[in-house]
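Peer 1: My file is structure-v2.cif. It has mmCIF, C-alpha atoms and all ligand atoms:
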data_query
loop_
_atom_site.label_atom_id
_atom_site.label_comp_id
_atom_site.auth_asym_id
_atom_site.auth_seq_id
_atom_site.Cartn_x
_atom_site.Cartn_y
_atom_site.Cartn_z
CA MET A 1 7.63 -10.79 -28.41
CA ARG A 2 7.67 -7.05 -28.98
CA ASP A 3 5.18 -5.14 -26.92
CA LYS A 4 3.43 -1.85 -27.45
CA GLY A 5 5.80 0.09 -25.23
CA GLU A 6 8.92 -1.29 -26.93
CA ALA A 7 9.35 1.54 -29.44
CA HIS A 8 9.48 4.03 -26.58
CA THR A 9 11.73 2.19 -24.18
CA SER A 10 15.04 3.64 -25.29
CA GLY A 11 16.46 6.17 -22.86
CA VAL A 12 17.93 8.04 -25.81
CA PRO A 13 15.29 10.29 -27.37
CA GLU A 14 14.63 9.96 -31.08
CA SER A 15 13.80 13.25 -32.72
CA GLY A 16 10.28 14.29 -31.80
CA THR A 17 9.65 11.35 -29.41
CA PRO A 18 9.73 12.23 -25.72
CA PRO A 19 12.31 10.12 -23.89
CA PHE A 20 11.06 7.08 -21.98
CA ARG A 21 11.15 7.51 -18.22
CA CYS A 22 11.28 4.95 -15.45
CA GLY A 23 11.94 4.92 -11.74
CA HIS A 24 10.83 4.24 -8.20
CA VAL A 25 8.11 6.41 -6.67
CA ALA A 26 7.69 6.02 -2.91
CA ILE A 27 4.16 6.80 -1.74
CA VAL A 28 4.53 8.28 1.73
CA GLY A 29 2.34 10.08 4.22
CA ARG A 30 0.85 9.87 7.68
CA PRO A 31 -1.59 7.01 8.40
CA SER A 32 -5.00 6.96 6.64
CA VAL A 33 -4.42 9.73 4.10
CA GLY A 34 -5.24 7.25 1.32
CA LYS A 35 -1.83 6.08 0.06
CA SER A 36 -2.91 2.52 -0.70
CA THR A 37 -6.23 3.61 -2.21
CA LEU A 38 -4.26 5.96 -4.44
CA LEU A 39 -1.85 3.20 -5.48
CA ASN A 40 -4.76 0.94 -6.44
CA ALA A 41 -6.46 3.77 -8.35
CA LEU A 42 -3.26 4.53 -10.26
CA LEU A 43 -2.82 0.84 -11.11
CA GLY A 44 -6.48 0.36 -11.98
CA GLN A 45 -6.68 -2.71 -9.76
CA LYS A 46 -6.76 -3.66 -6.16
CA LEU A 47 -3.29 -4.68 -5.03
CA SER A 48 -2.63 -2.96 -1.72
CA ILE A 49 -5.01 -3.40 1.20
CA THR A 50 -7.02 -0.46 2.55
CA SER A 51 -9.36 0.31 5.44
CA ASN A 52 -10.62 3.24 7.44
CA LYS A 53 -8.31 2.28 10.31
CA PRO A 54 -4.85 3.86 10.50
CA GLN A 55 -1.81 1.67 9.91
CA THR A 56 -3.52 -0.85 7.70
CA THR A 57 -0.43 -1.13 5.53
CA ARG A 58 2.48 -2.78 7.33
CA HIS A 59 4.73 -3.79 4.45
CA ARG A 60 6.38 -2.12 1.54
CA ILE A 61 4.66 -3.27 -1.61
CA THR A 62 5.57 -2.40 -5.15
CA GLY A 63 2.92 -1.68 -7.79
CA ILE A 64 4.22 -1.40 -11.33
CA LEU A 65 2.43 0.61 -14.00
CA THR A 66 3.76 0.59 -17.55
CA GLU A 67 2.53 3.17 -20.03
CA PRO A 68 3.86 4.05 -23.49
CA ARG A 69 5.83 7.02 -22.12
CA ALA A 70 6.92 5.73 -18.72
CA GLN A 71 7.16 2.88 -16.25
CA PHE A 72 6.19 3.88 -12.72
CA ILE A 73 7.45 1.60 -9.95
CA PHE A 74 5.27 2.75 -7.08
CA VAL A 75 6.26 1.70 -3.58
CA ASP A 76 3.39 1.83 -1.09
CA THR A 77 4.59 2.24 2.48
CA PRO A 78 3.11 2.05 5.98
CA GLY A 79 1.70 5.31 7.35
CA PHE A 80 4.55 7.07 9.15
CA GLN A 81 3.75 7.69 12.78
CA THR A 82 5.48 8.69 15.96
CA LEU A 83 2.49 8.63 18.30
CA HIS A 84 2.49 5.04 19.45
CA ARG A 85 5.88 3.57 20.09
CA SER A 86 6.24 -0.18 19.76
CA ARG A 87 8.65 -2.61 18.19
CA LEU A 88 6.27 -3.14 15.30
CA ASN A 89 5.89 0.60 14.68
CA GLU A 90 9.65 1.05 14.73
CA ARG A 91 9.88 -1.51 11.95
CA LEU A 92 7.08 0.17 10.00
CA ASN A 93 8.77 3.56 10.21
CA HIS A 94 12.05 1.96 9.22
CA ALA A 95 10.35 0.60 6.09
CA VAL A 96 9.25 4.15 5.20
CA ARG A 97 12.75 5.57 5.68
CA GLN A 98 14.24 2.76 3.65
CA ALA A 99 11.77 3.27 0.80
CA LEU A 100 12.61 6.99 0.75
CA ALA A 101 16.32 6.27 0.65
CA GLU A 102 15.95 4.33 -2.58
CA VAL A 103 13.58 6.50 -4.62
CA ASP A 104 13.72 8.68 -7.68
CA VAL A 105 10.54 10.53 -6.76
CA ALA A 106 8.67 10.84 -3.46
CA LEU A 107 4.91 11.06 -3.75
CA LEU A 108 3.72 12.72 -0.57
CA VAL A 109 0.04 12.14 0.09
CA LEU A 110 -1.81 14.70 2.19
CA ASP A 111 -5.45 14.88 3.24
CA ALA A 112 -7.26 17.87 1.75
CA ALA A 113 -8.97 18.42 5.11
CA LEU A 114 -5.81 19.46 6.92
CA VAL A 115 -2.05 19.42 7.24
CA ASN A 116 -0.89 18.62 10.75
CA LYS A 117 2.21 17.88 12.77
CA ALA A 118 2.30 14.27 11.56
CA ASP A 119 2.42 15.46 7.93
CA ARG A 120 5.25 17.83 8.76
CA GLU A 121 7.20 14.97 10.29
CA VAL A 122 6.87 12.98 7.08
CA ILE A 123 7.96 16.00 5.04
CA GLY A 124 10.96 16.22 7.35
CA LEU A 125 12.03 12.78 6.09
CA LEU A 126 12.38 14.03 2.52
CA ALA A 127 16.00 14.58 1.62
CA GLY A 128 16.72 18.02 0.18
CA ASP A 129 17.70 16.65 -3.21
CA VAL A 130 14.85 14.16 -3.73
CA ARG A 131 12.20 15.20 -6.22
CA ALA A 132 8.83 15.27 -4.50
CA VAL A 133 5.30 15.59 -5.83
CA ALA A 134 2.44 16.28 -3.42
CA ALA A 135 -0.96 14.69 -3.96
CA ILE A 136 -3.72 16.44 -2.05
CA ASN A 137 -6.17 13.57 -1.63
CA LYS A 138 -9.86 13.28 -0.74
CA ILE A 139 -10.90 16.44 -2.57
CA ASP A 140 -14.30 14.78 -3.07
CA LEU A 141 -14.91 15.59 0.61
CA VAL A 142 -14.14 19.30 0.14
CA LYS A 143 -17.45 21.02 -0.54
CA ASP A 144 -16.10 24.50 -1.07
CA LYS A 145 -13.36 24.02 -3.67
CA SER A 146 -12.17 27.62 -3.24
CA ALA A 147 -10.90 26.54 0.19
CA LEU A 148 -8.29 24.47 -1.66
CA LEU A 149 -6.38 27.52 -2.90
CA PRO A 150 -5.02 28.71 0.46
CA TYR A 151 -4.42 25.06 1.32
CA LEU A 152 -2.27 24.57 -1.78
CA ALA A 153 -0.35 27.75 -0.95
CA GLU A 154 0.28 26.42 2.56
CA VAL A 155 1.58 23.10 1.18
CA ALA A 156 3.87 24.93 -1.25
CA GLN A 157 5.55 26.57 1.74
CA LEU A 158 6.41 23.25 3.35
CA HIS A 159 8.75 21.83 0.72
CA PRO A 160 9.94 22.68 -2.82
CA PHE A 161 7.52 20.19 -4.45
CA THR A 162 7.92 19.87 -8.21
CA ALA A 163 4.11 19.80 -8.41
CA ILE A 164 1.08 19.85 -6.11
CA VAL A 165 -1.93 18.02 -7.50
CA PRO A 166 -5.37 17.86 -5.87
CA VAL A 167 -6.85 14.37 -6.42
CA SER A 168 -9.50 11.97 -5.27
CA ALA A 169 -8.18 8.41 -5.14
CA LYS A 170 -11.67 7.18 -4.34
CA LYS A 171 -13.38 8.86 -7.29
CA GLY A 172 -10.41 8.67 -9.64
CA THR A 173 -10.25 12.44 -10.08
CA GLN A 174 -7.13 14.07 -11.58
CA LEU A 175 -5.09 10.88 -11.69
CA ALA A 176 -3.90 11.51 -15.26
CA ALA A 177 -2.60 14.94 -14.21
CA LEU A 178 -0.84 13.36 -11.24
CA LYS A 179 0.81 10.72 -13.43
CA THR A 180 1.99 13.39 -15.87
CA GLU A 181 3.66 15.32 -13.04
CA ILE A 182 5.29 12.19 -11.63
CA ALA A 183 6.51 11.14 -15.10
CA LYS A 184 8.14 14.55 -15.56
CA ALA A 185 10.10 14.02 -12.36
CA LEU A 186 11.28 10.49 -13.26
CA PRO A 187 14.73 9.95 -14.76
CA GLN A 188 15.19 8.97 -18.40
CA SER A 189 15.71 5.22 -18.33
CA ASP A 190 14.71 1.97 -19.99
CA ARG A 191 12.04 0.08 -18.15
CA LEU A 192 13.23 -2.07 -15.26
CA TYR A 193 10.36 -4.61 -15.30
CA PRO A 194 8.55 -6.48 -18.09
CA VAL A 195 5.41 -4.61 -19.23
CA ASP A 196 3.02 -7.13 -17.67
CA ASP A 197 4.55 -7.14 -14.18
CA LEU A 198 2.21 -5.79 -11.52
CA THR A 199 4.17 -6.22 -8.30
CA ASP A 200 7.37 -7.53 -6.73
CA ARG A 201 5.35 -9.49 -4.16
CA ASP A 202 4.28 -13.10 -4.62
CA GLU A 203 0.77 -14.54 -4.31
CA ARG A 204 1.55 -15.96 -0.88
CA PHE A 205 2.20 -12.47 0.45
CA LEU A 206 -0.90 -11.04 -1.27
CA ALA A 207 -3.08 -13.84 0.12
CA ALA A 208 -1.99 -13.04 3.67
CA GLU A 209 -2.60 -9.34 3.06
CA PHE A 210 -6.13 -9.85 1.78
CA ILE A 211 -6.98 -11.83 4.91
CA ARG A 212 -5.51 -9.06 7.05
CA GLU A 213 -7.56 -6.48 5.20
CA LYS A 214 -10.84 -8.23 6.00
CA ILE A 215 -9.84 -8.38 9.67
CA PHE A 216 -9.22 -4.62 9.58
CA ARG A 217 -12.58 -4.07 7.91
CA LEU A 218 -14.76 -6.49 9.88
CA LEU A 219 -13.45 -6.04 13.41
CA GLY A 220 -13.41 -3.18 15.91
CA GLU A 221 -10.56 -1.02 17.07
CA GLU A 222 -8.51 -3.53 19.06
CA VAL A 223 -8.24 -6.91 17.36
CA PRO A 224 -6.73 -5.85 13.99
CA TYR A 225 -3.68 -4.40 15.74
CA ALA A 226 -3.20 -7.61 17.73
CA THR A 227 -3.30 -9.70 14.58
CA THR A 228 -0.94 -10.96 11.95
CA VAL A 229 -1.32 -13.62 9.27
CA GLY A 230 0.94 -16.44 8.15
CA ILE A 231 0.51 -18.70 5.13
CA ASP A 232 1.13 -22.34 6.11
CA SER A 233 0.84 -23.81 2.63
CA PHE A 234 0.10 -22.57 -0.86
CA ALA A 235 -0.32 -25.18 -3.60
CA LEU A 236 -1.27 -24.76 -7.24
CA GLU A 237 -3.46 -27.58 -8.58
CA GLY A 238 -4.36 -26.74 -12.17
CA ASP A 239 -6.10 -23.37 -11.91
CA LEU A 240 -6.99 -23.98 -8.25
CA ARG A 241 -4.92 -22.45 -5.50
CA ARG A 242 -5.18 -24.36 -2.23
CA ILE A 243 -4.22 -22.06 0.61
CA HIS A 244 -3.93 -22.79 4.34
CA ALA A 245 -3.43 -19.75 6.51
CA THR A 246 -3.18 -18.99 10.22
CA VAL A 247 -4.27 -15.79 11.88
CA TYR A 248 -2.22 -15.10 15.01
CA VAL A 249 -3.65 -13.04 17.84
CA ALA A 250 -1.98 -11.88 21.04
CA LYS A 251 -4.65 -12.97 23.57
CA THR A 252 -7.19 -15.77 23.97
CA GLY A 253 -10.17 -13.38 24.11
CA GLN A 254 -9.23 -11.98 20.70
CA ARG A 255 -9.48 -15.44 19.22
CA GLY A 256 -13.17 -15.59 20.15
CA MET A 257 -13.79 -12.14 18.69
CA LEU A 258 -12.20 -13.18 15.43
CA LEU A 259 -14.19 -16.37 15.19
CA GLY A 260 -17.50 -14.75 16.10
CA GLU A 261 -20.62 -16.68 17.01
CA ASN A 262 -20.37 -20.20 15.61
CA GLY A 263 -17.37 -19.06 13.60
CA ALA A 264 -19.53 -16.69 11.54
CA ARG A 265 -17.10 -13.78 11.53
CA MET A 266 -14.15 -15.89 10.49
CA LYS A 267 -16.30 -17.37 7.74
CA ALA A 268 -17.07 -13.87 6.40
CA ILE A 269 -13.39 -12.88 6.59
CA ALA A 270 -12.30 -15.96 4.67
CA SER A 271 -14.98 -15.74 2.03
CA GLN A 272 -14.36 -12.03 1.31
CA ALA A 273 -10.59 -12.60 1.21
CA ARG A 274 -11.07 -15.53 -1.14
CA ALA A 275 -13.16 -13.39 -3.52
CA ASP A 276 -10.37 -10.78 -3.70
CA MET A 277 -7.76 -13.48 -4.30
CA GLU A 278 -9.78 -15.06 -7.11
CA ARG A 279 -10.13 -11.67 -8.79
CA LEU A 280 -6.42 -10.83 -8.60
CA PHE A 281 -5.01 -14.30 -9.25
CA GLY A 282 -7.52 -15.06 -11.99
CA GLY A 283 -8.41 -18.58 -10.82
CA ARG A 284 -10.30 -20.54 -8.18
CA VAL A 285 -9.11 -20.43 -4.58
CA PHE A 286 -9.70 -22.89 -1.76
CA LEU A 287 -8.95 -21.12 1.50
CA GLU A 288 -8.82 -22.53 5.00
CA VAL A 289 -7.99 -20.21 7.89
CA TRP A 290 -7.05 -21.18 11.44
CA VAL A 291 -6.75 -18.87 14.44
CA LYS A 292 -3.96 -19.30 16.98
CA VAL A 293 -2.87 -17.38 20.04
CA LYS A 294 0.74 -16.24 20.03
CA PRO A 295 1.31 -13.94 23.01
CA LYS A 296 3.44 -10.83 22.46
CA TRP A 297 4.15 -11.55 18.79
CA ALA A 298 4.32 -7.79 18.11
CA GLU A 299 6.89 -7.22 20.83
CA SER A 300 9.27 -10.03 20.00
CA GLU A 301 11.98 -9.24 17.47
CA MET A 302 12.07 -12.90 16.51
CA SER A 303 8.34 -13.13 15.79
CA LEU A 304 8.38 -9.85 13.87
CA THR A 305 11.12 -11.17 11.64
CA GLN A 306 9.31 -14.49 11.25
CA PHE A 307 6.21 -12.62 10.05
CA GLY A 308 8.17 -10.61 7.53
CA TYR A 309 8.23 -7.22 9.28
N1 LIG A 401 -13.61 10.23 0.54
C1 LIG A 401 -12.44 9.70 0.22
N2 LIG A 401 -11.93 8.72 0.99
C2 LIG A 401 -10.73 8.20 0.63
C3 LIG A 401 -10.01 8.66 -0.51
N3 LIG A 401 -8.86 7.95 -0.56
C4 LIG A 401 -8.88 7.09 0.47
N4 LIG A 401 -10.00 7.22 1.19
C5 LIG A 401 -10.40 6.48 2.39
O1 LIG A 401 -9.45 6.74 3.42
C6 LIG A 401 -9.28 5.57 4.25
C7 LIG A 401 -7.81 5.20 4.34
O2 LIG A 401 -7.38 4.76 3.06
P1 LIG A 401 -6.05 3.92 2.86
O3 LIG A 401 -5.77 3.88 1.41
O4 LIG A 401 -6.12 2.63 3.61
O5 LIG A 401 -5.01 4.90 3.58
P2 LIG A 401 -3.44 4.71 3.82
O6 LIG A 401 -2.82 6.05 3.74
O7 LIG A 401 -2.90 3.67 2.91
O8 LIG A 401 -3.44 4.20 5.32
P3 LIG A 401 -2.31 3.37 6.12
O9 LIG A 401 -1.84 2.26 5.27
O10 LIG A 401 -3.03 2.89 7.30
O11 LIG A 401 -1.26 4.37 6.44
C8 LIG A 401 -10.14 4.47 3.61
O12 LIG A 401 -11.36 4.40 4.32
C9 LIG A 401 -10.34 4.97 2.20
O13 LIG A 401 -11.53 4.51 1.60
C10 LIG A 401 -10.59 9.71 -1.29
O14 LIG A 401 -10.06 10.18 -2.30
N5 LIG A 401 -11.80 10.18 -0.87
MG MG A 402 -1.97 1.91 3.30
#
As structure tokens, what does this structure read like?
Ligand SMILES: Nc1nc2c(ncn2[C@@H]2O[C@H](COP(=O)(O)OP(=O)(O)OP(=O)(O)O)[C@@H](O)[C@H]2O)c(=O)[nH]1
Ligand SMILES: [Mg+2]

Peer 2:
Amino acid sequence: MRDKGEAHTSGVPESGTPPFRCGHVAIVGRPSVGKSTLLNALLGQKLSITSNKPQTTRHRITGILTEPRAQFIFVDTPGFQTLHRSRLNERLNHAVRQALAEVDVALLVLDAALVNKADREVIGLLAGDVRAVAAINKIDLVKDKSALLPYLAEVAQLHPFTAIVPVSAKKGTQLAALKTEIAKALPQSDRLYPVDDLTDRDERFLAAEFIREKIFRLLGEEVPYATTVGIDSFALEGDLRRIHATVYVAKTGQRGMLLGENGARMKAIASQARADMERLFGGRVFLEVWVKVKPKWAESEMSLTQFGY
């Protein structure tokens, strides 16, 4: 079947038609600047998990957006950080470096409130020849917009960005302008994915992520970082997905915190995760979640590999 974008997908420009562009866009930045929120806003649907806690994202995840003029293959990455050293963080930073090694365009996300040392470290990862666009996010929080001008000038000094675009991922401000600038930086190419593809990740992965997101949102500062999620079984029965998952924590006490009084907290986590899954998968979900203690999972290379890090 021919789709709407088909007429534009040739890399060779016809007279008067702008050439079709396609490529990988790595979304990078320090933790909590809003990379995943921005990815979801660009896609127009919730794919990547977000929370107000740093290092929510732990895996590379691709979000594909196909428009008549371009196909953007966005790659969301973990927040790059050098503050807390651990085996898990080493793997997260490795994922960022790897994503940057394979891109056509780097989309550096900065917080409009300030540029700090952590941002400069991420900028330091950009190879000299990679095209980079800067998105200055959270401008909805900047009351005095005139303060943005010196900020933009400061950012322009840090790297030869092809464009610097102030945006608000939360409010959806200036996203069209951002996409235009990214498209300009993409190479001329046919599309690499079918028009309807949303991601390279399967539903199993997304199910585990949605559970992890609720843990990040519903628990305090400690437990989310001691937690990972595994999917034990995932079966499709008609339009019903029957999912059994296990949340692993490092210590016994964390198990109790996750469960909450009479299991109330775990119930809330599972029911909110299920709602997100039903929305994205477009069908009913039966979800059962167990909690198990697995000491030192984040420090063991074997466990990290087992959990897909
Ligand atoms: N006010 C405001 N808040 C935002 C905006 N974008 C993101 N946030 C908030 O910033 C916090 C972090 O957002 P995430 O998208 O999880 O950030 P991230 O960069 O992916 O974080 P990590 O994956 O942990 O590195 C969340 O509480 C978001 O709601 C924005 O444009 N405006
Ligand atoms: Mg994220």

Peer 1: Using 10 Å as the limit and counting all atoms listed in the file, can you tabulate each residue of chain A that touches ligand MG 402 (chain A), with its shortest atom-to-atom distance in Å and the two atoms involved, as JSON lines?

Peer 2:
{"residue": "A:Ile27", "atom": "CA", "partner": "A:MG402", "partner_atom": "MG", "distance": 9.3}
{"residue": "A:Val28", "atom": "CA", "partner": "A:MG402", "partner_atom": "MG", "distance": 9.2}
{"residue": "A:Gly29", "atom": "CA", "partner": "A:MG402", "partner_atom": "MG", "distance": 9.3}
{"residue": "A:Arg30", "atom": "CA", "partner": "A:MG402", "partner_atom": "MG", "distance": 9.5}
{"residue": "A:Pro31", "atom": "CA", "partner": "A:MG402", "partner_atom": "MG", "distance": 7.2}
{"residue": "A:Ser32", "atom": "CA", "partner": "A:MG402", "partner_atom": "MG", "distance": 6.8}
{"residue": "A:Val33", "atom": "CA", "partner": "A:MG402", "partner_atom": "MG", "distance": 8.2}
{"residue": "A:Gly34", "atom": "CA", "partner": "A:MG402", "partner_atom": "MG", "distance": 6.6}
{"residue": "A:Lys35", "atom": "CA", "partner": "A:MG402", "partner_atom": "MG", "distance": 5.3}
{"residue": "A:Ser36", "atom": "CA", "partner": "A:MG402", "partner_atom": "MG", "distance": 4.2}
{"residue": "A:Thr37", "atom": "CA", "partner": "A:MG402", "partner_atom": "MG", "distance": 7.2}
{"residue": "A:Leu38", "atom": "CA", "partner": "A:MG402", "partner_atom": "MG", "distance": 9.0}
{"residue": "A:Leu39", "atom": "CA", "partner": "A:MG402", "partner_atom": "MG", "distance": 8.9}
{"residue": "A:Ser48", "atom": "CA", "partner": "A:MG402", "partner_atom": "MG", "distance": 7.0}
{"residue": "A:Ile49", "atom": "CA", "partner": "A:MG402", "partner_atom": "MG", "distance": 6.5}
{"residue": "A:Thr50", "atom": "CA", "partner": "A:MG402", "partner_atom": "MG", "distance": 5.6}
{"residue": "A:Ser51", "atom": "CA", "partner": "A:MG402", "partner_atom": "MG", "distance": 7.9}
{"residue": "A:Asn52", "atom": "CA", "partner": "A:MG402", "partner_atom": "MG", "distance": 9.7}
{"residue": "A:Lys53", "atom": "CA", "partner": "A:MG402", "partner_atom": "MG", "distance": 9.5}
{"residue": "A:Pro54", "atom": "CA", "partner": "A:MG402", "partner_atom": "MG", "distance": 8.0}
{"residue": "A:Gln55", "atom": "CA", "partner": "A:MG402", "partner_atom": "MG", "distance": 6.6}
{"residue": "A:Thr56", "atom": "CA", "partner": "A:MG402", "partner_atom": "MG", "distance": 5.4}
{"residue": "A:Thr57", "atom": "CA", "partner": "A:MG402", "partner_atom": "MG", "distance": 4.1}
{"residue": "A:Arg58", "atom": "CA", "partner": "A:MG402", "partner_atom": "MG", "distance": 7.6}
{"residue": "A:His59", "atom": "CA", "partner": "A:MG402", "partner_atom": "MG", "distance": 8.9}
{"residue": "A:Arg60", "atom": "CA", "partner": "A:MG402", "partner_atom": "MG", "distance": 9.4}
{"residue": "A:Ile61", "atom": "CA", "partner": "A:MG402", "partner_atom": "MG", "distance": 9.7}
{"residue": "A:Asp76", "atom": "CA", "partner": "A:MG402", "partner_atom": "MG", "distance": 6.9}
{"residue": "A:Thr77", "atom": "CA", "partner": "A:MG402", "partner_atom": "MG", "distance": 6.6}
{"residue": "A:Pro78", "atom": "CA", "partner": "A:MG402", "partner_atom": "MG", "distance": 5.7}
{"residue": "A:Gly79", "atom": "CA", "partner": "A:MG402", "partner_atom": "MG", "distance": 6.4}

Peer 1: Residues at most 8 Å from Ala135 (chain A), counting all atoms listed in the file, excluding those fewer than 5 positions away in the same chain, as a tab-separated table (two decimals) with C-alpha atoms, in the coordinates of the input?

Peer 2:
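Okay, result_25.tsv is ready:
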chain	number	residue	atom	x	y	z
A	107	LEU	CA	4.91	11.06	-3.75
A	108	LEU	CA	3.72	12.72	-0.57
A	109	VAL	CA	0.04	12.14	0.09
A	110	LEU	CA	-1.81	14.70	2.19
A	164	ILE	CA	1.08	19.85	-6.11
A	165	VAL	CA	-1.93	18.02	-7.50
A	166	PRO	CA	-5.37	17.86	-5.87
A	167	VAL	CA	-6.85	14.37	-6.42
A	178	LEU	CA	-0.84	13.36	-11.24

Peer 1: Taking 2 positions as the minimum chain separation for residues in the same chain, which residues sit within 7 Å of Gln188 (chain A) when counting only C-alpha atoms? Answer as a PDB file with C-alpha atoms, in the coordinates of the input.

Peer 2:
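As written to disk, out07.pdb reads:
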ATOM      1  CA  GLY A  11      16.460   6.170 -22.860  1.00  0.00           C
ATOM      2  CA  PRO A  19      12.310  10.120 -23.890  1.00  0.00           C
ATOM      3  CA  PHE A  20      11.060   7.080 -21.980  1.00  0.00           C
ATOM      4  CA  ARG A  21      11.150   7.510 -18.220  1.00  0.00           C
ATOM      5  CA  CYS A  22      11.280   4.950 -15.450  1.00  0.00           C
ATOM      6  CA  LEU A 186      11.280  10.490 -13.260  1.00  0.00           C
TER       7      LEU A 186
END

Peer 1: Rank A:Val96, A:Val25, A:Ile64, A:Ala235 by their smallest atom-to-atom distance to ligand LIG 401 (chain A), using all atoms listed in the file, and report the top residue only.

Peer 2: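 Distance minimum relative to ligand LIG 401 (chain A) lands on A:Val96.
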
Peer 1: From the set A:Leu198, A:Ala118, A:Leu236, A:Ala270, which residue has the shortest atom-to-atom contact distance to Lys46 (chain A), counting only C-alpha atoms?

Peer 2: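 The closest residue to Lys46 (chain A) is A:Leu198.
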
Peer 1: Which one of A:Ile211, A:Ala99, A:Phe216, A:His159 sits closest to ligand LIG 401 (chain A) if you count all atoms listed in the file?

Peer 2: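 Checking each candidate against ligand LIG 401 (chain A), we get A:Phe216 as the closest.
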
Peer 1: Between CA of Lys292 (chain A) and CA of Leu258 (chain A), what is the distance in Å, rounded to a tenth?

Peer 2: 10.4 Å

Peer 1: I need the residue nearest Ala101 (chain A) from this list: A:Lys296, A:Arg212, A:Arg131, A:Lys138. Use all atoms listed in the file for the distance.

Peer 2: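 Of the candidates, the smallest distance to Ala101 (chain A) is held by A:Arg131.
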
Peer 1: With distances taken over only C-alpha atoms, which of A:Ala163, A:Ile182, A:Met266, A:Ala250 is nearest to Lys214 (chain A)?

Peer 2: A:Met266

Peer 1: Suppose you want the space between atom O7 of ligand LIG 401 (chain A) and CA of Asp144 (chain A); what is it in Å?

Peer 2: 25.0 Å

Peer 1: Have a look at A:Arg85, A:Arg217, A:Lys179, A:Arg242 and name the one nearest to ligand LIG 401 (chain A); count only C-alpha atoms and all ligand atoms.

Peer 2: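 The shortest atom-to-atom distance to ligand LIG 401 (chain A) comes from A:Arg217.
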